[in-house]
2 protein chains.
Amino acid sequence: MTAKKIEKDTENKILEAAKKVFVLKGLDGARMQEIADEAGINKALLHYYFRSKDQLFMMIFKVEIGNFFPRLIPILLSKEMTFDQKIYHFVENYIDLFLRNPFLPTFIIREINRNPQMVAQFFIEAGIESNNFKQIIAGFAGELGISPKEAFHLIINTVSACIFPFAGRPIIEQVFFDGNTAEYNHFLEERKKFVAEFVVNSIKGRMINTK
Amino acid sequence: MTAKKIEKDTENKILEAAKKVFVLKGLDGARMQEIADEAGINKALLHYYFRSKDQLFMMIFKVEIGNFFPRLIPILLSKEMTFDQKIYHFVENYIDLFLRNPFLPTFIIREINRNPQMVAQFFIEAGIESNNFKQIIAGFAGELGISPKEAFHLIINTVSACIFPFAGRPIIEQVFFDGNTAEYNHFLEERKKFVAEFVVNSIKGRMINTK
DNA sequence: GTCTATACGGTGATAGAC
DNA sequence: GTCTATCACCGTATAGAC
């Protein structure tokens with residue numbers, strides 16, 4: 001095993017540990033000592049690799065916000081799916097992402113509100129254009145015969161229904177499931193189907209209204 | 001002005017300042033010095049009135065989570081409104097609550113995930129029974145001819161659509177509104193109507209499906 | 001590259017005068 | 001009740017040996 005390989009290993013161990021701790025506790029709640037323990041090294045090495053807590057945090061944040069938001073644009077932009085198919089696909093994939101990363105929504109919500117400037121900076125650096133989103137909205141509006149404004153609210157409603165049950169889990173699980181974690185996981189799994197149906201039905205119901 | 005009155009004044013000034021700082025920055029991010037500055041007093045007085053940071057925080061948390069969740073149960077339990085009316089009423093009032101307290105959703109999400117135990121403790125202390133919620137679910141299921149499970153998903157979808165645009169504001173505002181705060185406020189105001197319509201339409205669309 | 005030891009600043013909390 | 005001064009501790013960051 002080369003020195004280079006060892007170096008990469010340590011760096012990855014740190015990043016993995018930092019992700020775990022930062023995602024769970026946030027920048028303010030995380031402790032460098034805890035990250036070091038989690039990585040099986042000592043504090044000094046963290047600074048050797050990443051200089052400061054803030055810099056280490058930014059490494060994690062940039063990756064995680066990249067996972068959170070723009071990953072699913074291709075689904076919504078696809079030319080080969082109907083609106084219904086896109087919604088089913090999107091909801092299933094998005095909820096699945098959170099089932100694999102249950103604390104991602106809370107992490108993102110916590111940190112973007114702690115420092116909203118990071119968001120603007122990220123979208124500039126990553127070169128993400130709002131054109132993609134406007135294209136999705138326009139596409140939905142055209143296909144469904146609704147206004148872009150209404151299409152946008154629809155997208156927000158869909159995204160909300162995917163994310164909130166993860167961010168608000170402690171309350172919902174306590175109130176409605178008496179703290180039963182297994183049942184709550186089942187509920188989240190169910191939502192892949194129910195949320196998509198809900199959205200699709202809403203459009204159907206709207207069409208009848210205007211006839 | 002009596003001594004008692006002065007005492008109450010100071011206590012209220014502290015609570016007001018603590019609310020402001022804790023809601024914005026969370027327990028981990030808040031500093032006692034900042035709360036003291038905001039209240040126009042010094043740190044020692046905070047401890048004189050509330051012993052510790054944790055105790056002061058709990059004062060705020062209990063009030064705010066009380067605002068957040070159970071306040072709107074009466075609307076949903078009312079016998080004098082149809083399902084549609086309840087939804088319109090609920091959504092309007094809930095979004096309105098957040099327009100007046102824009103950082104409440106983020107605060108609650110941040111803190112319940114930091115310490116989920118607080119949630120269980122709160123609901124026990126406050127004597128809130130999950131029966132109310134089960135009654136609401138059963139009521140919806142009966143009136144709409146759907147399963148309790150589906151009625152529950154519907155409620156979660158509705159709540160999600162009210163809350164998430166506040167918790168996820170920095171991202172949505174940046175991506176879709178180029179950081180324009182006034183436009184985003186307008187969007188939030190609009191949602192009172194759009195979210196309620198969305199939910200009601202979904203039920204209409206579902207009915208047609210099963211016919 | 002990795003460790004131990006330590007410097008340094010900040011933060012919650014207390015003591016004690018008024 | 002309210003203040004100033006101060007303590008004790010903790011957390012980030014660095015120095016320096018290996």
# chains A, B, ... in the order shown; residues from 1 in each chain; ligands from 1

$ closest_atom_pairs --of "chain A" --to "chain B" --cutoff "6 Å" --atoms "only C-alpha atoms" --output "Markdown table"
| residue | atom | partner | partner_atom | distance |
| --- | --- | --- | --- | --- |
| A:Asp28 | CA | B:Asp28 | CA | 5.6 |
| A:Gly29 | CA | B:Asp28 | CA | 5.7 |
| A:Ile109 | CA | B:Gly168 | CA | 5.9 |
| A:Arg110 | CA | B:Arg110 | CA | 5.9 |
| A:Pro116 | CA | B:Pro170 | CA | 5.6 |
| A:Ser130 | CA | B:Val175 | CA | 5.9 |
| A:Asn157 | CA | B:Ala161 | CA | 5.1 |
| A:Ser160 | CA | B:Ser160 | CA | 5.3 |
| A:Ala161 | CA | B:Asn157 | CA | 5.1 |
| A:Phe164 | CA | B:Ser160 | CA | 5.4 |
| A:Gly168 | CA | B:Ile109 | CA | 5.9 |
| A:Pro170 | CA | B:Pro116 | CA | 5.6 |
| A:Val175 | CA | B:Ser130 | CA | 5.9 |
| A:Phe198 | CA | B:Ser202 | CA | 5.8 |
| A:Asn201 | CA | B:Gly205 | CA | 4.5 |
| A:Ser202 | CA | B:Ser202 | CA | 3.4 |
| A:Lys204 | CA | B:Gly205 | CA | 4.7 |
| A:Gly205 | CA | B:Gly205 | CA | 3.6 |
| A:Arg206 | CA | B:Asn201 | CA | 5.5 |

$ residues_around --residues "Leu45 (chain A)" --least-positions-apart "5" --cutoff "9 Å" --atoms "only C-alpha atoms (C1' of nucleotides)" --output "list in words"
Ile14, Ala36 and Phe50 of chain A; DG1, DT2 and DC3 of chain C

$ write_last_selection --atoms "N, CA, C and O atoms (P, O5', C5', C4', C3', O3' and C1' of nucleotides)" --output "PDB file, in the first residue's frame"
ATOM      1  N   ILE A  14     -11.947  10.695   7.167  1.00  0.00           N
ATOM      2  CA  ILE A  14     -12.345  11.968   7.775  1.00  0.00           C
ATOM      3  C   ILE A  14     -13.643  12.478   7.163  1.00  0.00           C
ATOM      4  O   ILE A  14     -14.574  12.869   7.870  1.00  0.00           O
ATOM      5  N   ALA A  36     -13.178  13.365  14.983  1.00  0.00           N
ATOM      6  CA  ALA A  36     -11.914  12.631  15.087  1.00  0.00           C
ATOM      7  C   ALA A  36     -12.149  11.221  15.639  1.00  0.00           C
ATOM      8  O   ALA A  36     -11.638  10.236  15.099  1.00  0.00           O
ATOM      9  N   PHE A  50      -7.715  19.619   6.575  1.00  0.00           N
ATOM     10  CA  PHE A  50      -8.745  20.590   6.142  1.00  0.00           C
ATOM     11  C   PHE A  50      -8.641  21.967   6.802  1.00  0.00           C
ATOM     12  O   PHE A  50      -9.579  22.739   6.740  1.00  0.00           O
TER      13      PHE A  50
ATOM     14  P    DG C   1       0.400  13.120   2.901  1.00  0.00           P
ATOM     15  O5'  DG C   1       0.620  11.950   3.880  1.00  0.00           O
ATOM     16  C5'  DG C   1       1.379  12.144   5.057  1.00  0.00           C
ATOM     17  C4'  DG C   1       1.037  11.035   5.987  1.00  0.00           C
ATOM     18  C3'  DG C   1      -0.272  11.213   6.724  1.00  0.00           C
ATOM     19  O3'  DG C   1      -0.594   9.946   7.302  1.00  0.00           O
ATOM     20  C1'  DG C   1       1.497  11.738   8.157  1.00  0.00           C
ATOM     21  P    DT C   2      -2.018   9.748   8.056  1.00  0.00           P
ATOM     22  O5'  DT C   2      -1.660   9.889   9.601  1.00  0.00           O
ATOM     23  C5'  DT C   2      -0.923   8.853  10.243  1.00  0.00           C
ATOM     24  C4'  DT C   2      -0.488   9.290  11.610  1.00  0.00           C
ATOM     25  C3'  DT C   2      -1.610   9.827  12.513  1.00  0.00           C
ATOM     26  O3'  DT C   2      -1.890   8.879  13.529  1.00  0.00           O
ATOM     27  C1'  DT C   2       0.409  11.079  12.718  1.00  0.00           C
ATOM     28  P    DC C   3      -2.983   9.252  14.660  1.00  0.00           P
ATOM     29  O5'  DC C   3      -2.095   9.870  15.843  1.00  0.00           O
ATOM     30  C5'  DC C   3      -1.278   9.004  16.618  1.00  0.00           C
ATOM     31  C4'  DC C   3      -0.278   9.802  17.427  1.00  0.00           C
ATOM     32  C3'  DC C   3      -0.885  10.635  18.545  1.00  0.00           C
ATOM     33  O3'  DC C   3      -0.939   9.879  19.750  1.00  0.00           O
ATOM     34  C1'  DC C   3       0.806  11.863  17.339  1.00  0.00           C
TER      35       DC C   3
END

$ interface_residues --of "chain A" --to "chain D" --cutoff "10 Å" --atoms "only C-alpha atoms (C1' of nucleotides)" --output "VMD selection string"
chain A and resid 31 to 33 43 to 44 47 51 to 53

$ calpha_fit_and_write --fixed "chain A" --moving "chain B" --output "PDB file with C-alpha atoms, in the first residue's frame"
ATOM      1  CA  MET B   1      -0.027  -0.008  -0.035  1.00  0.00           C
ATOM      2  CA  THR B   2       1.520   3.264  -1.166  1.00  0.00           C
ATOM      3  CA  ALA B   3       1.743   6.428   0.914  1.00  0.00           C
ATOM      4  CA  LYS B   4      -0.632   8.085  -1.523  1.00  0.00           C
ATOM      5  CA  LYS B   5      -3.160   5.353  -0.903  1.00  0.00           C
ATOM      6  CA  ILE B   6      -2.907   5.737   2.864  1.00  0.00           C
ATOM      7  CA  GLU B   7      -3.370   9.454   2.498  1.00  0.00           C
ATOM      8  CA  LYS B   8      -6.529   9.013   0.472  1.00  0.00           C
ATOM      9  CA  ASP B   9      -7.790   6.497   2.960  1.00  0.00           C
ATOM     10  CA  THR B  10      -7.383   8.887   5.858  1.00  0.00           C
ATOM     11  CA  GLU B  11      -8.927  11.724   3.928  1.00  0.00           C
ATOM     12  CA  ASN B  12     -11.916   9.579   3.069  1.00  0.00           C
ATOM     13  CA  LYS B  13     -12.250   8.337   6.625  1.00  0.00           C
ATOM     14  CA  ILE B  14     -12.340  11.945   7.780  1.00  0.00           C
ATOM     15  CA  LEU B  15     -14.893  12.968   5.178  1.00  0.00           C
ATOM     16  CA  GLU B  16     -17.089  10.024   6.016  1.00  0.00           C
ATOM     17  CA  ALA B  17     -16.917  10.772   9.737  1.00  0.00           C
ATOM     18  CA  ALA B  18     -17.476  14.491   9.155  1.00  0.00           C
ATOM     19  CA  LYS B  19     -20.528  13.776   7.035  1.00  0.00           C
ATOM     20  CA  LYS B  20     -22.009  11.593   9.735  1.00  0.00           C
ATOM     21  CA  VAL B  21     -21.478  14.110  12.525  1.00  0.00           C
ATOM     22  CA  PHE B  22     -22.259  17.316  10.608  1.00  0.00           C
ATOM     23  CA  VAL B  23     -25.421  15.926   9.031  1.00  0.00           C
ATOM     24  CA  LEU B  24     -26.684  14.770  12.397  1.00  0.00           C
ATOM     25  CA  LYS B  25     -25.695  17.748  14.547  1.00  0.00           C
ATOM     26  CA  GLY B  26     -25.102  20.644  12.194  1.00  0.00           C
ATOM     27  CA  LEU B  27     -22.134  22.980  12.114  1.00  0.00           C
ATOM     28  CA  ASP B  28     -22.944  24.516  15.495  1.00  0.00           C
ATOM     29  CA  GLY B  29     -23.655  21.245  17.252  1.00  0.00           C
ATOM     30  CA  ALA B  30     -20.757  19.234  15.827  1.00  0.00           C
ATOM     31  CA  ARG B  31     -17.454  18.915  17.690  1.00  0.00           C
ATOM     32  CA  MET B  32     -14.106  18.320  16.028  1.00  0.00           C
ATOM     33  CA  GLN B  33     -13.307  15.814  18.759  1.00  0.00           C
ATOM     34  CA  GLU B  34     -16.368  13.774  17.864  1.00  0.00           C
ATOM     35  CA  ILE B  35     -15.429  13.732  14.200  1.00  0.00           C
ATOM     36  CA  ALA B  36     -11.904  12.640  15.099  1.00  0.00           C
ATOM     37  CA  ASP B  37     -13.243   9.846  17.316  1.00  0.00           C
ATOM     38  CA  GLU B  38     -15.649   8.722  14.604  1.00  0.00           C
ATOM     39  CA  ALA B  39     -12.762   8.614  12.110  1.00  0.00           C
ATOM     40  CA  GLY B  40     -10.476   6.837  14.565  1.00  0.00           C
ATOM     41  CA  ILE B  41      -7.820   9.555  14.491  1.00  0.00           C
ATOM     42  CA  ASN B  42      -7.011  12.646  16.549  1.00  0.00           C
ATOM     43  CA  LYS B  43      -8.048  16.262  16.212  1.00  0.00           C
ATOM     44  CA  ALA B  44      -4.723  17.505  14.869  1.00  0.00           C
ATOM     45  CA  LEU B  45      -5.094  15.412  11.739  1.00  0.00           C
ATOM     46  CA  LEU B  46      -8.407  17.044  10.920  1.00  0.00           C
ATOM     47  CA  HIS B  47      -6.676  20.386  10.779  1.00  0.00           C
ATOM     48  CA  TYR B  48      -3.756  18.928   8.856  1.00  0.00           C
ATOM     49  CA  TYR B  49      -6.114  17.825   6.098  1.00  0.00           C
ATOM     50  CA  PHE B  50      -8.735  20.560   6.142  1.00  0.00           C
ATOM     51  CA  ARG B  51      -7.257  23.531   8.009  1.00  0.00           C
ATOM     52  CA  SER B  52     -10.443  24.557   9.846  1.00  0.00           C
ATOM     53  CA  LYS B  53     -13.825  23.307  10.956  1.00  0.00           C
ATOM     54  CA  ASP B  54     -15.528  25.659   8.508  1.00  0.00           C
ATOM     55  CA  GLN B  55     -13.582  24.343   5.544  1.00  0.00           C
ATOM     56  CA  LEU B  56     -14.286  20.745   6.478  1.00  0.00           C
ATOM     57  CA  PHE B  57     -17.936  21.607   6.864  1.00  0.00           C
ATOM     58  CA  MET B  58     -18.117  23.223   3.444  1.00  0.00           C
ATOM     59  CA  MET B  59     -16.737  20.057   1.848  1.00  0.00           C
ATOM     60  CA  ILE B  60     -19.666  18.133   3.278  1.00  0.00           C
ATOM     61  CA  PHE B  61     -22.273  20.790   2.666  1.00  0.00           C
ATOM     62  CA  LYS B  62     -21.491  21.198  -1.016  1.00  0.00           C
ATOM     63  CA  VAL B  63     -21.775  17.479  -1.670  1.00  0.00           C
ATOM     64  CA  GLU B  64     -24.965  17.093   0.313  1.00  0.00           C
ATOM     65  CA  ILE B  65     -26.825  20.040  -1.137  1.00  0.00           C
ATOM     66  CA  GLY B  66     -25.806  18.707  -4.530  1.00  0.00           C
ATOM     67  CA  ASN B  67     -27.516  15.425  -3.665  1.00  0.00           C
ATOM     68  CA  PHE B  68     -30.516  17.163  -2.274  1.00  0.00           C
ATOM     69  CA  PHE B  69     -31.715  19.351  -5.031  1.00  0.00           C
ATOM     70  CA  PRO B  70     -30.605  19.192  -8.604  1.00  0.00           C
ATOM     71  CA  ARG B  71     -30.088  15.448  -8.988  1.00  0.00           C
ATOM     72  CA  LEU B  72     -33.585  14.746 -10.233  1.00  0.00           C
ATOM     73  CA  ILE B  73     -33.895  17.377 -12.909  1.00  0.00           C
ATOM     74  CA  PRO B  74     -33.314  14.872 -15.742  1.00  0.00           C
ATOM     75  CA  ILE B  75     -36.425  12.957 -14.747  1.00  0.00           C
ATOM     76  CA  LEU B  76     -38.578  16.040 -14.915  1.00  0.00           C
ATOM     77  CA  LEU B  77     -37.044  17.199 -18.194  1.00  0.00           C
ATOM     78  CA  SER B  78     -37.426  13.880 -19.986  1.00  0.00           C
ATOM     79  CA  LYS B  79     -39.231  14.025 -23.303  1.00  0.00           C
ATOM     80  CA  GLU B  80     -40.234  10.381 -23.203  1.00  0.00           C
ATOM     81  CA  MET B  81     -42.511  10.417 -20.178  1.00  0.00           C
ATOM     82  CA  THR B  82     -45.983  11.805 -19.635  1.00  0.00           C
ATOM     83  CA  PHE B  83     -46.671  14.076 -16.704  1.00  0.00           C
ATOM     84  CA  ASP B  84     -48.056  11.193 -14.668  1.00  0.00           C
ATOM     85  CA  GLN B  85     -45.019   9.048 -15.323  1.00  0.00           C
ATOM     86  CA  LYS B  86     -42.661  11.841 -14.384  1.00  0.00           C
ATOM     87  CA  ILE B  87     -44.429  12.407 -11.080  1.00  0.00           C
ATOM     88  CA  TYR B  88     -44.383   8.725 -10.164  1.00  0.00           C
ATOM     89  CA  HIS B  89     -40.752   8.462 -11.115  1.00  0.00           C
ATOM     90  CA  PHE B  90     -39.724  11.616  -9.326  1.00  0.00           C
ATOM     91  CA  VAL B  91     -41.562  10.906  -6.080  1.00  0.00           C
ATOM     92  CA  GLU B  92     -40.285   7.340  -5.898  1.00  0.00           C
ATOM     93  CA  ASN B  93     -36.682   8.393  -6.466  1.00  0.00           C
ATOM     94  CA  TYR B  94     -36.789  11.376  -4.165  1.00  0.00           C
ATOM     95  CA  ILE B  95     -38.349   9.528  -1.231  1.00  0.00           C
ATOM     96  CA  ASP B  96     -35.946   6.699  -1.858  1.00  0.00           C
ATOM     97  CA  LEU B  97     -33.033   9.102  -1.612  1.00  0.00           C
ATOM     98  CA  PHE B  98     -34.246  10.194   1.817  1.00  0.00           C
ATOM     99  CA  LEU B  99     -34.910   6.652   2.986  1.00  0.00           C
ATOM    100  CA  ARG B 100     -31.209   6.070   2.321  1.00  0.00           C
ATOM    101  CA  ASN B 101     -30.261   9.448   3.907  1.00  0.00           C
ATOM    102  CA  PRO B 102     -32.915  10.088   6.528  1.00  0.00           C
ATOM    103  CA  PHE B 103     -31.247  13.132   8.054  1.00  0.00           C
ATOM    104  CA  LEU B 104     -30.430  14.889   4.816  1.00  0.00           C
ATOM    105  CA  PRO B 105     -33.605  17.033   4.760  1.00  0.00           C
ATOM    106  CA  THR B 106     -33.103  18.270   8.313  1.00  0.00           C
ATOM    107  CA  PHE B 107     -29.432  18.967   7.640  1.00  0.00           C
ATOM    108  CA  ILE B 108     -30.170  21.018   4.541  1.00  0.00           C
ATOM    109  CA  ILE B 109     -32.992  22.933   6.184  1.00  0.00           C
ATOM    110  CA  ARG B 110     -30.903  23.657   9.261  1.00  0.00           C
ATOM    111  CA  GLU B 111     -27.870  24.872   7.375  1.00  0.00           C
ATOM    112  CA  ILE B 112     -29.461  26.886   4.581  1.00  0.00           C
ATOM    113  CA  ASN B 113     -31.370  28.805   7.221  1.00  0.00           C
ATOM    114  CA  ARG B 114     -28.299  29.268   9.371  1.00  0.00           C
ATOM    115  CA  ASN B 115     -26.468  30.843   6.471  1.00  0.00           C
ATOM    116  CA  PRO B 116     -28.663  31.532   3.425  1.00  0.00           C
ATOM    117  CA  GLN B 117     -25.715  33.090   1.646  1.00  0.00           C
ATOM    118  CA  MET B 118     -24.203  29.644   1.160  1.00  0.00           C
ATOM    119  CA  VAL B 119     -27.106  28.748  -1.079  1.00  0.00           C
ATOM    120  CA  ALA B 120     -26.563  31.593  -3.497  1.00  0.00           C
ATOM    121  CA  GLN B 121     -22.852  30.873  -3.540  1.00  0.00           C
ATOM    122  CA  PHE B 122     -23.409  27.191  -4.217  1.00  0.00           C
ATOM    123  CA  PHE B 123     -25.685  27.749  -7.176  1.00  0.00           C
ATOM    124  CA  ILE B 124     -23.274  30.230  -8.687  1.00  0.00           C
ATOM    125  CA  GLU B 125     -20.239  27.975  -8.209  1.00  0.00           C
ATOM    126  CA  ALA B 126     -22.020  24.879  -9.450  1.00  0.00           C
ATOM    127  CA  GLY B 127     -23.175  26.744 -12.530  1.00  0.00           C
ATOM    128  CA  ILE B 128     -26.777  25.684 -12.104  1.00  0.00           C
ATOM    129  CA  GLU B 129     -29.114  27.747 -14.194  1.00  0.00           C
ATOM    130  CA  SER B 130     -32.655  28.441 -13.189  1.00  0.00           C
ATOM    131  CA  ASN B 131     -33.480  27.905 -16.851  1.00  0.00           C
ATOM    132  CA  ASN B 132     -33.792  24.169 -16.283  1.00  0.00           C
ATOM    133  CA  PHE B 133     -36.445  24.755 -13.703  1.00  0.00           C
ATOM    134  CA  LYS B 134     -38.276  27.260 -15.798  1.00  0.00           C
ATOM    135  CA  GLN B 135     -38.256  24.738 -18.616  1.00  0.00           C
ATOM    136  CA  ILE B 136     -39.777  22.091 -16.365  1.00  0.00           C
ATOM    137  CA  ILE B 137     -42.469  24.489 -15.238  1.00  0.00           C
ATOM    138  CA  ALA B 138     -43.243  25.555 -18.775  1.00  0.00           C
ATOM    139  CA  GLY B 139     -43.375  21.909 -19.859  1.00  0.00           C
ATOM    140  CA  PHE B 140     -45.884  20.994 -17.170  1.00  0.00           C
ATOM    141  CA  ALA B 141     -47.970  24.073 -17.839  1.00  0.00           C
ATOM    142  CA  GLY B 142     -48.127  23.252 -21.536  1.00  0.00           C
ATOM    143  CA  GLU B 143     -48.932  19.563 -21.123  1.00  0.00           C
ATOM    144  CA  LEU B 144     -51.588  20.137 -18.458  1.00  0.00           C
ATOM    145  CA  GLY B 145     -53.087  23.336 -19.806  1.00  0.00           C
ATOM    146  CA  ILE B 146     -52.490  25.278 -16.597  1.00  0.00           C
ATOM    147  CA  SER B 147     -50.643  28.488 -15.861  1.00  0.00           C
ATOM    148  CA  PRO B 148     -46.899  28.385 -15.122  1.00  0.00           C
ATOM    149  CA  LYS B 149     -47.710  29.792 -11.710  1.00  0.00           C
ATOM    150  CA  GLU B 150     -49.980  26.900 -10.918  1.00  0.00           C
ATOM    151  CA  ALA B 151     -47.480  24.402 -12.284  1.00  0.00           C
ATOM    152  CA  PHE B 152     -44.902  25.865  -9.952  1.00  0.00           C
ATOM    153  CA  HIS B 153     -47.159  25.512  -6.915  1.00  0.00           C
ATOM    154  CA  LEU B 154     -47.763  21.930  -7.971  1.00  0.00           C
ATOM    155  CA  ILE B 155     -44.047  21.196  -8.015  1.00  0.00           C
ATOM    156  CA  ILE B 156     -43.554  22.782  -4.609  1.00  0.00           C
ATOM    157  CA  ASN B 157     -46.448  20.745  -3.236  1.00  0.00           C
ATOM    158  CA  THR B 158     -44.905  17.564  -4.563  1.00  0.00           C
ATOM    159  CA  VAL B 159     -41.466  18.319  -3.202  1.00  0.00           C
ATOM    160  CA  SER B 160     -42.934  19.350   0.148  1.00  0.00           C
ATOM    161  CA  ALA B 161     -44.810  16.076   0.476  1.00  0.00           C
ATOM    162  CA  CYS B 162     -41.589  14.150  -0.123  1.00  0.00           C
ATOM    163  CA  ILE B 163     -39.377  16.118   2.228  1.00  0.00           C
ATOM    164  CA  PHE B 164     -41.446  17.153   5.218  1.00  0.00           C
ATOM    165  CA  PRO B 165     -42.192  13.673   6.602  1.00  0.00           C
ATOM    166  CA  PHE B 166     -38.443  13.288   7.077  1.00  0.00           C
ATOM    167  CA  ALA B 167     -37.767  16.729   8.545  1.00  0.00           C
ATOM    168  CA  GLY B 168     -40.800  16.585  10.828  1.00  0.00           C
ATOM    169  CA  ARG B 169     -40.393  12.941  11.678  1.00  0.00           C
ATOM    170  CA  PRO B 170     -39.946  13.254  15.467  1.00  0.00           C
ATOM    171  CA  ILE B 171     -43.309  14.978  15.858  1.00  0.00           C
ATOM    172  CA  ILE B 172     -45.306  12.878  13.431  1.00  0.00           C
ATOM    173  CA  GLU B 173     -43.791   9.646  14.648  1.00  0.00           C
ATOM    174  CA  GLN B 174     -44.555  10.569  18.243  1.00  0.00           C
ATOM    175  CA  VAL B 175     -48.095  11.834  17.741  1.00  0.00           C
ATOM    176  CA  PHE B 176     -49.425   9.344  15.236  1.00  0.00           C
ATOM    177  CA  PHE B 177     -47.246   6.289  15.709  1.00  0.00           C
ATOM    178  CA  ASP B 178     -46.501   6.458  19.439  1.00  0.00           C
ATOM    179  CA  GLY B 179     -42.811   6.473  18.651  1.00  0.00           C
ATOM    180  CA  ASN B 180     -42.902   3.226  16.702  1.00  0.00           C
ATOM    181  CA  THR B 181     -39.977   3.551  14.296  1.00  0.00           C
ATOM    182  CA  ALA B 182     -40.699   0.460  12.235  1.00  0.00           C
ATOM    183  CA  GLU B 183     -44.252   1.597  11.560  1.00  0.00           C
ATOM    184  CA  TYR B 184     -43.042   5.025  10.578  1.00  0.00           C
ATOM    185  CA  ASN B 185     -40.595   3.532   8.094  1.00  0.00           C
ATOM    186  CA  HIS B 186     -43.465   1.614   6.600  1.00  0.00           C
ATOM    187  CA  PHE B 187     -45.485   4.800   6.358  1.00  0.00           C
ATOM    188  CA  LEU B 188     -42.630   6.509   4.520  1.00  0.00           C
ATOM    189  CA  GLU B 189     -42.347   3.615   2.095  1.00  0.00           C
ATOM    190  CA  GLU B 190     -46.087   3.806   1.427  1.00  0.00           C
ATOM    191  CA  ARG B 191     -45.803   7.442   0.544  1.00  0.00           C
ATOM    192  CA  LYS B 192     -43.991   6.677  -2.699  1.00  0.00           C
ATOM    193  CA  LYS B 193     -47.344   5.537  -4.002  1.00  0.00           C
ATOM    194  CA  PHE B 194     -49.700   7.839  -2.105  1.00  0.00           C
ATOM    195  CA  VAL B 195     -47.925  11.108  -2.813  1.00  0.00           C
ATOM    196  CA  ALA B 196     -47.715  10.439  -6.541  1.00  0.00           C
ATOM    197  CA  GLU B 197     -51.387   9.447  -6.646  1.00  0.00           C
ATOM    198  CA  PHE B 198     -52.297  12.533  -4.679  1.00  0.00           C
ATOM    199  CA  VAL B 199     -50.596  14.840  -7.147  1.00  0.00           C
ATOM    200  CA  VAL B 200     -51.913  13.115 -10.228  1.00  0.00           C
ATOM    201  CA  ASN B 201     -55.436  13.032  -8.826  1.00  0.00           C
ATOM    202  CA  SER B 202     -55.287  16.719  -8.074  1.00  0.00           C
ATOM    203  CA  ILE B 203     -54.727  17.498 -11.730  1.00  0.00           C
ATOM    204  CA  LYS B 204     -57.582  15.175 -12.706  1.00  0.00           C
ATOM    205  CA  GLY B 205     -59.886  16.869 -10.224  1.00  0.00           C
ATOM    206  CA  ARG B 206     -58.904  20.258 -11.518  1.00  0.00           C
ATOM    207  CA  MET B 207     -59.679  19.319 -15.107  1.00  0.00           C
ATOM    208  CA  ILE B 208     -63.205  18.362 -14.181  1.00  0.00           C
ATOM    209  CA  ASN B 209     -63.699  21.629 -12.384  1.00  0.00           C
ATOM    210  CA  THR B 210     -62.970  23.669 -15.463  1.00  0.00           C
ATOM    211  CA  LYS B 211     -65.008  21.587 -17.858  1.00  0.00           C
TER     212      LYS B 211
END

$ interface_residues --of "chain C" --to "chain B" --cutoff "12 Å" --atoms "only C-alpha atoms (C1' of nucleotides)" --output "PDB file with C-alpha atoms (C1' of nucleotides), in the first residue's frame"
ATOM      1  C1'  DG C  10     -14.864  32.273  23.845  1.00  0.00           C
ATOM      2  C1'  DT C  11     -18.925  30.900  26.682  1.00  0.00           C
ATOM      3  C1'  DG C  12     -21.870  29.544  30.502  1.00  0.00           C
ATOM      4  C1'  DA C  13     -22.116  30.361  35.065  1.00  0.00           C
ATOM      5  C1'  DT C  14     -21.081  32.458  39.765  1.00  0.00           C
ATOM      6  C1'  DA C  15     -19.432  35.893  43.443  1.00  0.00           C
TER       7       DA C  15
END

$ select_by_dssp --residues "region 122-153 of chain A" --states "alpha helix (DSSP H)" --output "MDAnalysis selection string"
chainID A and resid 122:125 130:144 148:153
